[in-house]
>>> print(open('final.txt').read())   # compact mmCIF, C-alpha atoms and all ligand atoms
# COMPACT_ATOMS: atom_id res chain seq x y z
CA MET A 135 10.28 -24.51 -3.48
CA ASN A 136 8.31 -22.46 -5.98
CA GLN A 137 9.64 -18.96 -5.52
CA ARG A 138 10.27 -15.87 -7.59
CA ILE A 139 12.83 -13.13 -7.11
CA VAL A 140 12.18 -9.61 -8.38
CA ASN A 141 15.06 -7.13 -8.35
CA VAL A 142 14.29 -3.51 -7.55
CA GLY A 143 16.83 -0.92 -8.65
CA THR A 144 16.73 2.62 -7.25
CA PRO A 145 19.30 5.42 -6.87
CA ASP A 146 18.97 4.85 -3.10
CA GLY A 147 19.91 1.18 -3.36
CA ASP A 148 19.01 -2.09 -5.07
CA TYR A 149 17.23 -4.92 -3.31
CA ARG A 150 15.55 -8.25 -3.85
CA VAL A 151 11.91 -9.16 -3.35
CA VAL A 152 11.53 -12.86 -2.57
CA VAL A 153 8.03 -14.22 -3.27
CA GLY A 154 7.04 -17.78 -2.43
CA ALA A 155 5.45 -20.21 0.01
CA GLY A 156 7.41 -20.73 3.23
CA VAL A 157 10.08 -18.12 2.41
CA LEU A 158 9.80 -16.48 5.84
CA SER A 159 11.67 -19.40 7.40
CA SER A 160 14.86 -18.33 5.60
CA ILE A 161 14.50 -14.63 6.34
CA ALA A 162 17.61 -14.51 8.55
CA THR A 163 20.06 -15.78 5.91
CA ALA A 164 18.44 -13.57 3.26
CA THR A 165 18.82 -10.59 5.62
CA ALA A 166 22.47 -11.47 6.31
CA ASP A 167 23.07 -11.59 2.52
CA ALA A 168 21.44 -8.20 2.04
CA LEU A 169 23.31 -6.62 4.98
CA GLY A 170 26.65 -8.21 4.13
CA HIS A 171 26.98 -9.49 7.71
CA GLU A 172 25.05 -11.62 10.16
CA PRO A 173 22.86 -9.39 12.32
CA ALA A 174 23.65 -9.46 16.04
CA HIS A 175 20.46 -7.68 17.02
CA VAL A 176 17.07 -7.54 15.31
CA PHE A 177 14.05 -5.39 16.15
CA ILE A 178 10.76 -6.80 14.86
CA VAL A 179 7.71 -4.55 14.57
CA ALA A 180 4.87 -7.08 14.45
CA ASP A 181 1.26 -6.54 13.39
CA ALA A 182 -1.05 -7.65 16.24
CA GLY A 183 -3.27 -9.38 13.65
CA VAL A 184 -0.55 -11.65 12.27
CA PRO A 185 -0.75 -15.20 13.63
CA GLU A 186 1.66 -16.05 16.44
CA SER A 187 3.16 -18.82 14.27
CA ALA A 188 4.42 -16.26 11.70
CA ARG A 189 6.08 -14.22 14.41
CA ALA A 190 7.67 -17.42 15.76
CA ALA A 191 9.02 -18.35 12.28
CA VAL A 192 10.81 -15.00 12.02
CA ILE A 193 12.13 -15.10 15.58
CA ASP A 194 13.36 -18.69 15.18
CA SER A 195 15.08 -17.90 11.89
CA PHE A 196 17.11 -15.03 13.45
CA ALA A 197 17.71 -16.89 16.71
CA ALA A 198 19.23 -19.76 14.70
CA LEU A 199 21.85 -17.27 13.46
CA GLY A 200 22.56 -16.30 17.06
CA ALA A 201 20.91 -12.86 16.90
CA SER A 202 19.14 -11.32 19.87
CA VAL A 203 15.56 -10.51 18.88
CA HIS A 204 13.12 -7.93 20.29
CA VAL A 205 9.49 -7.84 19.26
CA HIS A 206 7.28 -4.77 19.44
CA VAL A 207 3.60 -5.41 18.68
CA VAL A 208 1.55 -2.70 16.96
CA ARG A 209 -2.24 -2.39 16.58
CA PRO A 210 -2.91 -1.86 12.89
CA SER A 211 -5.49 0.90 12.50
CA GLU A 212 -5.28 4.19 10.63
CA ARG A 213 -5.76 5.99 13.99
CA ASP A 214 -2.77 4.09 15.38
CA LYS A 215 -0.68 4.84 12.27
CA SER A 216 0.38 7.88 14.25
CA ILE A 217 3.20 9.95 15.66
CA GLU A 218 2.45 8.34 19.07
CA THR A 219 2.97 4.81 17.72
CA LEU A 220 6.11 5.97 15.92
CA GLU A 221 7.45 7.44 19.17
CA ALA A 222 6.70 4.23 21.07
CA ILE A 223 8.63 2.19 18.47
CA LEU A 224 11.60 4.58 18.52
CA ALA A 225 11.69 4.54 22.34
CA ALA A 226 11.55 0.73 22.40
CA MET A 227 14.39 0.57 19.86
CA ALA A 228 16.47 2.92 21.99
CA ARG A 229 15.71 0.84 25.10
CA THR A 230 17.04 -2.28 23.35
CA ARG A 231 20.19 -0.33 22.34
CA HIS A 232 19.50 -0.82 18.66
CA GLU A 233 22.64 0.13 16.69
CA ARG A 234 22.78 1.80 13.28
CA SER A 235 23.78 -1.40 11.48
CA ASP A 236 21.05 -3.52 13.14
CA PRO A 237 18.00 -4.27 10.99
CA VAL A 238 14.36 -3.56 11.75
CA VAL A 239 11.92 -6.16 10.43
CA ALA A 240 8.35 -5.07 9.64
CA LEU A 241 6.04 -8.07 9.86
CA GLY A 242 2.51 -7.14 8.90
CA GLY A 243 0.18 -5.27 6.63
CA GLY A 244 0.75 -1.89 5.02
CA ILE A 245 0.04 0.05 8.22
CA VAL A 246 2.80 -1.73 10.12
CA GLY A 247 5.14 -1.63 7.09
CA ASP A 248 4.68 2.13 6.63
CA THR A 249 5.04 2.90 10.35
CA ALA A 250 8.02 0.60 10.99
CA GLY A 251 9.61 1.83 7.75
CA PHE A 252 9.33 5.43 8.94
CA ALA A 253 10.76 4.47 12.35
CA ALA A 254 13.72 2.85 10.56
CA ALA A 255 14.13 5.97 8.40
CA CYS A 256 14.26 8.27 11.46
CA TYR A 257 16.01 6.22 14.14
CA ARG A 258 19.52 7.61 14.44
CA ARG A 259 19.06 9.04 10.91
CA GLY A 260 18.35 5.68 9.37
CA VAL A 261 18.77 1.96 9.99
CA PRO A 262 18.15 -0.93 7.56
CA ILE A 263 14.61 -2.21 7.18
CA VAL A 264 13.43 -5.61 5.93
CA GLN A 265 9.79 -5.61 4.85
CA CYS A 266 7.80 -8.81 5.42
CA PRO A 267 4.36 -7.99 4.06
CA THR A 268 1.58 -10.25 5.35
CA THR A 269 -1.43 -8.85 3.46
CA LEU A 270 -1.95 -9.02 -0.29
CA LEU A 271 -2.04 -5.22 -0.47
CA ALA A 272 1.30 -4.91 1.29
CA MET A 273 2.80 -7.66 -0.90
CA VAL A 274 1.76 -6.15 -4.24
CA ASP A 275 2.26 -2.53 -3.31
CA ALA A 276 3.12 -1.05 0.10
CA SER A 277 6.26 -3.06 0.91
CA VAL A 278 8.09 -2.02 -2.27
CA GLY A 279 9.24 1.44 -3.32
CA GLY A 280 10.41 2.96 -0.05
CA LYS A 281 7.48 5.23 0.82
CA THR A 282 7.07 5.26 4.60
CA ALA A 283 4.72 7.44 6.64
CA VAL A 284 2.29 7.94 9.48
CA ASN A 285 -0.96 9.90 9.48
CA LEU A 286 -1.27 13.34 11.07
CA ALA A 287 -4.25 14.48 13.15
CA VAL A 288 -4.86 18.17 12.34
CA PRO A 289 -7.62 20.18 14.06
CA GLY A 290 -10.31 21.00 11.48
CA ALA A 291 -12.45 24.14 11.26
CA ASP A 292 -14.78 22.74 13.97
CA GLY A 293 -11.81 21.86 16.20
CA ALA A 294 -12.26 18.11 15.72
CA PRO A 295 -9.10 16.35 14.51
CA GLU A 296 -8.98 15.44 10.80
CA LEU A 297 -6.70 12.62 9.82
CA ARG A 298 -4.30 13.59 7.01
CA LYS A 299 -3.21 10.33 5.41
CA ASN A 300 0.53 9.59 5.19
CA PHE A 301 1.26 13.26 5.84
CA VAL A 302 4.52 12.78 7.74
CA GLY A 303 7.03 10.39 6.26
CA ALA A 304 10.22 9.72 4.37
CA PHE A 305 11.57 7.76 1.46
CA HIS A 306 13.48 4.82 2.90
CA GLN A 307 14.05 1.80 0.67
CA PRO A 308 14.10 -1.65 2.30
CA ILE A 309 17.22 -3.77 1.97
CA LEU A 310 15.05 -6.85 1.34
CA VAL A 311 11.37 -7.75 0.95
CA VAL A 312 10.12 -11.24 1.84
CA ALA A 313 6.56 -11.96 0.68
CA ASP A 314 5.46 -15.34 2.01
CA ILE A 315 2.16 -16.35 0.42
CA ALA A 316 1.53 -18.79 3.29
CA MET A 317 0.60 -15.65 5.27
CA LEU A 318 -2.40 -15.11 3.01
CA SER A 319 -4.17 -18.25 4.24
CA THR A 320 -5.31 -16.43 7.39
CA LEU A 321 -6.13 -13.09 5.73
CA SER A 322 -9.85 -12.19 5.69
CA ASP A 323 -11.64 -12.13 2.32
CA ARG A 324 -12.34 -8.44 2.83
CA HIS A 325 -8.64 -7.58 3.24
CA PHE A 326 -7.74 -9.91 0.39
CA ARG A 327 -10.10 -7.98 -1.93
CA CYS A 328 -8.41 -4.75 -0.83
CA GLY A 329 -5.13 -6.07 -2.25
CA LEU A 330 -6.88 -6.84 -5.53
CA ALA A 331 -7.89 -3.16 -5.77
CA GLU A 332 -4.21 -2.20 -6.03
CA CYS A 333 -3.61 -5.00 -8.58
CA ILE A 334 -6.48 -3.67 -10.71
CA LYS A 335 -5.01 -0.16 -10.39
CA HIS A 336 -1.63 -1.47 -11.58
CA GLY A 337 -3.34 -3.06 -14.60
CA MET A 338 -4.89 0.32 -15.43
CA ILE A 339 -1.45 2.00 -15.73
CA ALA A 340 0.77 -0.93 -16.78
CA SER A 341 1.21 0.05 -20.44
CA GLU A 342 2.95 3.23 -19.25
CA ALA A 343 5.69 0.92 -17.96
CA GLY A 344 5.74 -1.19 -21.10
CA ASP A 345 3.55 -4.02 -19.80
CA ASP A 346 0.45 -4.25 -22.00
CA GLN A 347 -0.42 -7.67 -20.60
CA LEU A 348 -0.79 -6.99 -16.87
CA GLY A 349 -4.37 -5.62 -17.05
CA PRO A 350 -5.83 -8.42 -19.23
CA TRP A 351 -3.83 -11.10 -17.39
CA THR A 352 -5.04 -9.83 -14.00
CA ALA A 353 -8.67 -9.89 -15.15
CA SER A 354 -8.21 -13.51 -16.30
CA ALA A 355 -6.47 -14.55 -13.05
CA LEU A 356 -8.89 -13.03 -10.55
CA ASP A 357 -10.95 -16.20 -9.95
CA ALA A 358 -7.86 -18.32 -9.26
CA ALA A 359 -6.40 -15.57 -7.06
CA ILE A 360 -9.60 -15.37 -4.99
CA ALA A 361 -9.46 -19.18 -4.61
CA ARG A 362 -5.90 -18.46 -3.29
CA ASP A 363 -4.27 -20.80 -5.77
CA ALA A 364 -0.57 -20.73 -4.79
CA ALA A 365 0.94 -20.53 -8.29
CA THR A 366 -1.47 -17.74 -9.28
CA LEU A 367 -0.71 -15.77 -6.12
CA ILE A 368 3.05 -16.00 -6.68
CA GLU A 369 2.60 -14.88 -10.30
CA LEU A 370 0.21 -12.08 -9.32
CA ILE A 371 2.52 -10.72 -6.62
CA ALA A 372 5.70 -11.03 -8.72
CA ARG A 373 4.09 -9.32 -11.75
CA ASN A 374 2.71 -6.47 -9.65
CA ILE A 375 6.00 -5.92 -7.88
CA ALA A 376 7.86 -5.95 -11.22
CA LEU A 377 5.49 -3.26 -12.52
CA LYS A 378 5.95 -1.14 -9.42
CA ALA A 379 9.73 -1.67 -9.53
CA THR A 380 9.88 -0.39 -13.13
CA ILE A 381 7.94 2.76 -12.26
CA VAL A 382 9.80 3.41 -8.99
CA GLY A 383 13.16 2.76 -10.67
CA ARG A 384 12.44 5.57 -13.16
CA ASP A 385 11.17 8.15 -10.68
CA THR A 386 12.04 7.01 -7.16
CA ARG A 387 11.11 10.23 -5.35
CA GLU A 388 8.07 11.13 -7.42
CA THR A 389 9.62 14.26 -8.92
CA ASP A 390 8.65 13.68 -12.57
CA PRO A 391 5.87 16.24 -13.23
CA ALA A 392 4.80 14.35 -16.37
CA GLY A 393 3.77 11.27 -14.46
CA GLY A 394 6.41 8.76 -13.44
CA ARG A 395 5.75 7.47 -9.95
CA MET A 396 2.76 9.74 -9.56
CA LEU A 397 0.86 7.40 -11.91
CA LEU A 398 0.75 4.91 -9.03
CA ASN A 399 -1.60 7.38 -7.35
CA LEU A 400 -4.39 6.66 -9.82
CA GLY A 401 -7.62 6.89 -7.80
CA HIS A 402 -5.76 7.82 -4.62
CA THR A 403 -6.56 11.54 -4.46
CA PHE A 404 -10.26 10.64 -4.36
CA ALA A 405 -9.51 7.67 -2.06
CA HIS A 406 -7.55 9.69 0.50
CA ALA A 407 -10.43 12.16 0.77
CA ILE A 408 -13.00 9.39 1.25
CA GLU A 409 -11.03 7.03 3.51
CA PRO A 410 -11.12 9.16 6.69
CA ILE A 411 -14.95 9.54 6.60
CA HIS A 412 -15.51 7.24 9.51
CA HIS A 413 -19.14 6.23 9.08
CA LEU A 414 -18.71 4.86 5.53
CA THR A 415 -19.16 1.15 4.99
CA PRO A 416 -18.60 -0.89 1.81
CA ASP A 417 -21.89 -2.77 2.01
CA GLY A 418 -24.31 -0.65 4.05
CA ASP A 419 -23.65 -2.63 7.25
CA ALA A 420 -22.66 -0.09 9.93
CA ALA A 421 -20.64 -2.77 11.69
CA HIS A 422 -18.27 -2.79 8.71
CA ALA A 423 -17.32 0.91 9.01
CA PRO A 424 -14.87 2.47 8.36
CA LEU A 425 -13.75 1.68 4.82
CA HIS A 426 -10.44 -0.10 4.42
CA HIS A 427 -7.75 1.49 2.26
CA GLY A 428 -8.31 -0.86 -0.71
CA GLU A 429 -12.06 -0.16 -0.65
CA ALA A 430 -11.43 3.58 -0.77
CA VAL A 431 -8.98 2.96 -3.64
CA SER A 432 -11.68 1.00 -5.49
CA LEU A 433 -14.11 3.95 -5.15
CA GLY A 434 -11.28 6.31 -6.15
CA LEU A 435 -10.59 4.29 -9.30
CA ALA A 436 -14.30 4.39 -10.19
CA ALA A 437 -14.38 8.18 -9.66
CA ALA A 438 -11.17 8.73 -11.66
CA ALA A 439 -12.49 6.63 -14.56
CA HIS A 440 -15.75 8.61 -14.55
CA CYS A 441 -13.88 11.93 -14.44
CA ALA A 442 -11.69 10.88 -17.40
CA THR A 443 -14.71 9.81 -19.45
CA ALA A 444 -16.59 13.05 -18.66
CA LEU A 445 -13.58 15.13 -19.73
CA GLY A 446 -13.18 13.10 -22.94
CA HIS A 447 -9.74 11.77 -21.96
CA CYS A 448 -10.76 8.19 -22.66
CA ASP A 449 -13.40 6.05 -24.20
CA SER A 450 -16.31 5.12 -21.90
CA SER A 451 -15.29 1.46 -22.29
CA VAL A 452 -12.31 2.13 -19.97
CA GLU A 453 -14.72 3.24 -17.25
CA SER A 454 -17.13 0.33 -17.79
CA GLN A 455 -14.25 -2.19 -17.83
CA ALA A 456 -12.85 -0.78 -14.57
CA LEU A 457 -16.25 -0.83 -12.86
CA GLU A 458 -16.92 -4.37 -14.05
CA THR A 459 -13.54 -5.71 -12.89
CA LEU A 460 -13.78 -4.05 -9.47
CA ALA A 461 -17.37 -5.24 -8.95
CA SER A 462 -16.50 -8.77 -10.10
CA VAL A 463 -14.31 -9.27 -7.02
CA GLY A 464 -16.81 -7.61 -4.66
CA LEU A 465 -15.08 -4.24 -4.36
CA PRO A 466 -17.33 -1.17 -3.94
CA THR A 467 -17.77 1.22 -6.89
CA ARG A 468 -20.62 3.16 -5.26
CA ILE A 469 -21.21 4.13 -1.65
CA ARG A 470 -24.07 5.31 0.55
CA ASN A 471 -23.93 8.31 2.90
CA LEU A 472 -20.98 10.00 1.25
CA SER A 473 -20.38 13.48 2.73
CA GLU A 474 -21.35 16.61 0.87
CA THR A 475 -19.38 16.92 -2.41
CA GLY A 476 -17.77 20.28 -1.51
CA ARG A 477 -16.25 18.76 1.64
CA ILE A 478 -14.68 15.97 -0.38
CA VAL A 479 -13.28 18.44 -2.92
CA ASP A 480 -11.80 20.44 0.00
CA ALA A 481 -10.21 17.26 1.39
CA MET A 482 -8.79 16.49 -2.06
CA LEU A 483 -7.22 19.94 -2.10
CA HIS A 484 -5.38 19.00 1.11
CA ASP A 485 -3.90 15.90 -0.49
CA LYS A 486 -0.13 15.70 -0.84
CA LYS A 487 -0.44 15.63 -4.63
CA VAL A 488 -1.69 19.24 -4.54
CA SER A 489 0.89 21.81 -5.57
CA GLY A 490 0.37 25.57 -5.07
CA ASN A 491 -3.33 24.89 -4.39
CA THR A 492 -3.61 23.34 -7.87
CA LEU A 493 -5.23 19.94 -7.90
CA ARG A 494 -3.34 17.29 -9.86
CA LEU A 495 -5.25 14.16 -10.74
CA VAL A 496 -4.06 10.95 -12.35
CA LEU A 497 -6.70 9.90 -14.85
CA PRO A 498 -6.94 6.99 -17.29
CA ILE A 499 -6.50 7.87 -20.98
CA GLY A 500 -6.97 4.38 -22.42
CA PRO A 501 -6.60 0.70 -21.48
CA GLY A 502 -3.44 0.41 -19.35
CA ARG A 503 -2.70 4.09 -19.81
CA ALA A 504 -2.90 7.15 -17.55
CA ARG A 505 -1.67 10.75 -17.32
CA VAL A 506 -1.39 13.48 -14.71
CA PHE A 507 -3.82 16.37 -15.24
CA SER A 508 -3.21 19.69 -13.47
CA ASP A 509 -6.13 21.83 -12.45
CA PRO A 510 -8.94 19.67 -13.85
CA PRO A 511 -12.31 21.46 -14.09
CA ILE A 512 -13.81 21.28 -10.58
CA GLU A 513 -17.27 20.61 -12.05
CA ALA A 514 -15.94 17.34 -13.55
CA VAL A 515 -14.38 16.41 -10.21
CA ARG A 516 -17.71 17.09 -8.47
CA HIS A 517 -19.52 14.93 -11.04
CA ALA A 518 -17.01 12.14 -10.50
CA ILE A 519 -17.65 12.24 -6.75
CA ASP A 520 -21.40 12.20 -7.33
CA SER A 521 -21.02 9.23 -9.72
CA ILE A 522 -19.94 7.00 -6.83
CA ARG A 523 -22.95 7.81 -4.63
CA ALA A 524 -25.24 4.80 -4.22
N1 LIG A 601 3.99 2.66 1.27
C1 LIG A 601 3.25 2.48 0.19
O1 LIG A 601 3.75 2.59 -0.94
C2 LIG A 601 1.81 2.12 0.34
C3 LIG A 601 1.10 1.65 -0.77
C4 LIG A 601 -0.23 1.25 -0.59
C5 LIG A 601 -0.82 1.32 0.67
N2 LIG A 601 -0.09 1.79 1.72
C6 LIG A 601 -0.68 1.86 3.07
O2 LIG A 601 -0.99 0.54 3.49
C7 LIG A 601 -2.05 0.58 4.45
C8 LIG A 601 -3.05 -0.52 4.14
O3 LIG A 601 -2.40 -1.74 4.24
P1 LIG A 601 -3.19 -3.13 4.38
O4 LIG A 601 -4.26 -3.17 3.38
O5 LIG A 601 -2.18 -4.17 4.43
O6 LIG A 601 -3.97 -2.97 5.74
P2 LIG A 601 -3.57 -3.21 7.27
O7 LIG A 601 -2.16 -2.93 7.50
O8 LIG A 601 -4.60 -2.48 8.05
O9 LIG A 601 -3.80 -4.78 7.47
C9 LIG A 601 -5.10 -5.28 7.31
C10 LIG A 601 -5.55 -6.16 8.45
O10 LIG A 601 -5.06 -7.47 8.21
C11 LIG A 601 -4.46 -7.98 9.41
N3 LIG A 601 -3.44 -8.92 8.96
C12 LIG A 601 -2.22 -8.65 8.45
N4 LIG A 601 -1.65 -9.77 8.03
C13 LIG A 601 -2.50 -10.78 8.30
C14 LIG A 601 -2.45 -12.19 8.09
N5 LIG A 601 -1.42 -12.76 7.48
N6 LIG A 601 -3.50 -12.93 8.50
C15 LIG A 601 -4.56 -12.35 9.09
N7 LIG A 601 -4.67 -11.03 9.30
C16 LIG A 601 -3.64 -10.25 8.91
C17 LIG A 601 -3.98 -6.78 10.14
O11 LIG A 601 -3.84 -7.03 11.51
C18 LIG A 601 -5.08 -5.78 9.84
O12 LIG A 601 -6.14 -5.94 10.73
C19 LIG A 601 -2.64 1.96 4.38
O13 LIG A 601 -2.27 2.68 5.54
C20 LIG A 601 -2.01 2.58 3.14
O14 LIG A 601 -1.86 3.97 3.25
C21 LIG A 601 1.20 2.17 1.58
>>> encode(input="final.txt", output="structure tokens", more="lines below")
Ligand SMILES: NC(=O)c1ccc[n+]([C@@H]2O[C@H](COP(=O)([O-])OP(=O)(O)OC[C@H]3O[C@@H](n4cnc5c(N)ncnc54)[C@H](O)[C@@H]3O)[C@@H](O)[C@H]2O)c1
Amino acid sequence: MNQRIVNVGTPDGDYRVVVGAGVLSSIATATADALGHEPAHVFIVADAGVPESARAAVIDSFAALGASVHVHVVRPSERDKSIETLEAILAAMARTRHERSDPVVALGGGIVGDTAGFAAACYRRGVPIVQCPTTLLAMVDASVGGKTAVNLAVPGADGAPELRKNFVGAFHQPILVVADIAMLSTLSDRHFRCGLAECIKHGMIASEAGDDQLGPWTASALDAAIARDAATLIELIARNIALKATIVGRDTRETDPAGGRMLLNLGHTFAHAIEPIHHLTPDGDAAHAPLHHGEAVSLGLAAAAHCATALGHCDSSVESQALETLASVGLPTRIRNLSETGRIVDAMLHDKKVSGNTLRLVLPIGPGRARVFSDPPIEAVRHAIDSIRA
């Protein structure tokens, strides 16, 4: 079987990421290896959008080891990435008498991985979690690095709830990640493109982790990836995880003020302010609202590149290259009906990356290179937001 193993080393524990076709069928033995014992009881948090056959493969694998298996199905939407869903998972775990040494398995996209990961971090002060990402975005990004969270609905000035993205969470590293590319055969093209947004982001910061090749290689591999060529997908996922592992290994809890893990947030401060605007659509078709996370990241990358060019932090070719690569896979770099600029700046000031009311932005400074900038001129930020208006 063509598979790749990437090792992730963090102060909170080391773990393996297994990438390949069909690797979900051996999840139980891989979990037993990671735990150091065969699990007697497994709690699966399953994404409602994942085909029944994937769920069955995981259940069968654990059942063959003699484990009792409970499945809790979660609807994957940003509204449902909530305290209420978290509470329902925790209550279901308690009902099944889940013990502290029993693993939770997250089977799904990034929403399910983040929510189940946070449940595992909280339940009886922490139980092991195995991440089984089933979207490209979760495979190349969300399943690795131990960030877990749910969104928080906070009443805004007009009393209507505003969704604060990933506002309540914890660092909780998985004990194992199993990325089975067979899962990607049922993923929609739109969600597949969202995963490519994070790959393109990784290429834009890769030199900071000593990988000058990831950006150019990704650009050259995009056509084969979109055609879902198996060898390309395995390579793409393994290379992106290796990049993330290097960055997370150096600054696991994002405490390095000079960059470190924060570099992974390139484009995300803009994206997190845009993503909750519910009427936005990537292509003007109202039926496609709201934006998906990867689409908001794509717009955020475009805005960050524009901001960096306007401030003279990088050559304009970095911006044009980013826009060209994002557009070449059908990701949005401009958007209609964006809210008033001041409202977006306000939302950016609520982002978790803000410290003492000072905005910190990750901006590109060259091909594959980025830096954190504190207190960037607000006029440049406003211009960057306006640059993504269609
Ligand atoms: N923890 C992190 O480090 C991190 C990093 C990046 C993003 N995220 C989070 O990840 C989330 C986005 O994740 P996502 O892009 O995976 O979106 P998602 O979780 O919403 O999944 C996308 C859609 O694909 C469906 N789906 C999942 N697997 C499928 C499959 N194999 N076949 C068919 N359909 C399938 C889901 O049901 C869902 O409708 C956001 O909430 C974001 O904040 C977290």
>>> atom_distance(input="final.txt", atom1="atom CA of Gly500 of chain A", atom2="atom CA of Ser341 of chain A")
9.5 Å
>>> residues_near_ligand(input="final.txt", ligand="ligand LIG 601 (chain A)", cutoff="6 Å", atoms="all atoms listed in the file", output="list in words")
Asp181, Ala182, Gly183, Val184, Pro210, Ser211, Gly242, Gly243, Gly244, Ile245, Val246, Asp248, Thr268, Thr269, Leu271, Ala272, Asp275, Ala276, Lys281, Thr282, Met317, Leu318, Thr320, Leu321, His325 and His427 of chain A
>>> atom_distance(input="final.txt", atom1="atom CA of Arg229 of chain A", atom2="atom CA of His204 of chain A")
10.3 Å
>>> axis_aligned_box(input="final.txt", around="segment 228-234 of chain A", padding_each_side="4 Å", output="JSON")
{"center_x": 19.2, "center_y": 0.3, "center_z": 19.2, "size_x": 15.1, "size_y": 13.2, "size_z": 19.8}
>>> residues_around(input="final.txt", residues="Ala191 of chain A", least_positions_apart="3", cutoff="9 Å", atoms="all atoms listed in the file", output="PyMOL selection string")
chain A and resi 158-161+186-188+194-196
>>> residues_around(input="final.txt", residues="Gly280 of chain A", least_positions_apart="4", cutoff="7 Å", atoms="all atoms listed in the file", output="list of chain:residue names")
A:Phe305, A:His306, A:Gln307, A:Pro308
>>> closest_residue(input="final.txt", among="A:Phe252, A:Tyr257, A:Phe507, A:Trp351", to="Glu233 of chain A", atoms="all atoms listed in the file")
A:Tyr257
>>> residues_around(input="final.txt", residues="Arg477 of chain A", least_positions_apart="5", cutoff="10 Å", atoms="all atoms listed in the file", output="PDB file with C-alpha atoms, keeping the file's coordinate frame")
ATOM      1  CA  ALA A 407     -10.430  12.160   0.770  1.00  0.00           C
ATOM      2  CA  ILE A 408     -13.000   9.390   1.250  1.00  0.00           C
ATOM      3  CA  LEU A 472     -20.980  10.000   1.250  1.00  0.00           C
ATOM      4  CA  MET A 482      -8.790  16.490  -2.060  1.00  0.00           C
ATOM      5  CA  LEU A 483      -7.220  19.940  -2.100  1.00  0.00           C
TER       6      LEU A 483
END
>>> residues_near_point(input="final.txt", point="(-24.0, 3.0, 3.6)", cutoff="9 Å", atoms="only C-alpha atoms", output="ChimeraX atom specification")
/A:413-420,423,469-472,524
>>> closest_residue(input="final.txt", among="A:Gly337, A:Gly260, A:Gly200, A:Gly251", to="Gly303 of chain A", atoms="all atoms listed in the file")
A:Gly251
>>> closest_residue(input="final.txt", among="A:Cys328, A:Ala430, A:Ala361, A:Leu497", to="Ala444 of chain A", atoms="only C-alpha atoms")
A:Leu497
>>> closest_residue(input="final.txt", among="A:Ile478, A:Val506, A:Ala240, A:Val208", to="Leu397 of chain A", atoms="only C-alpha atoms")
A:Val506
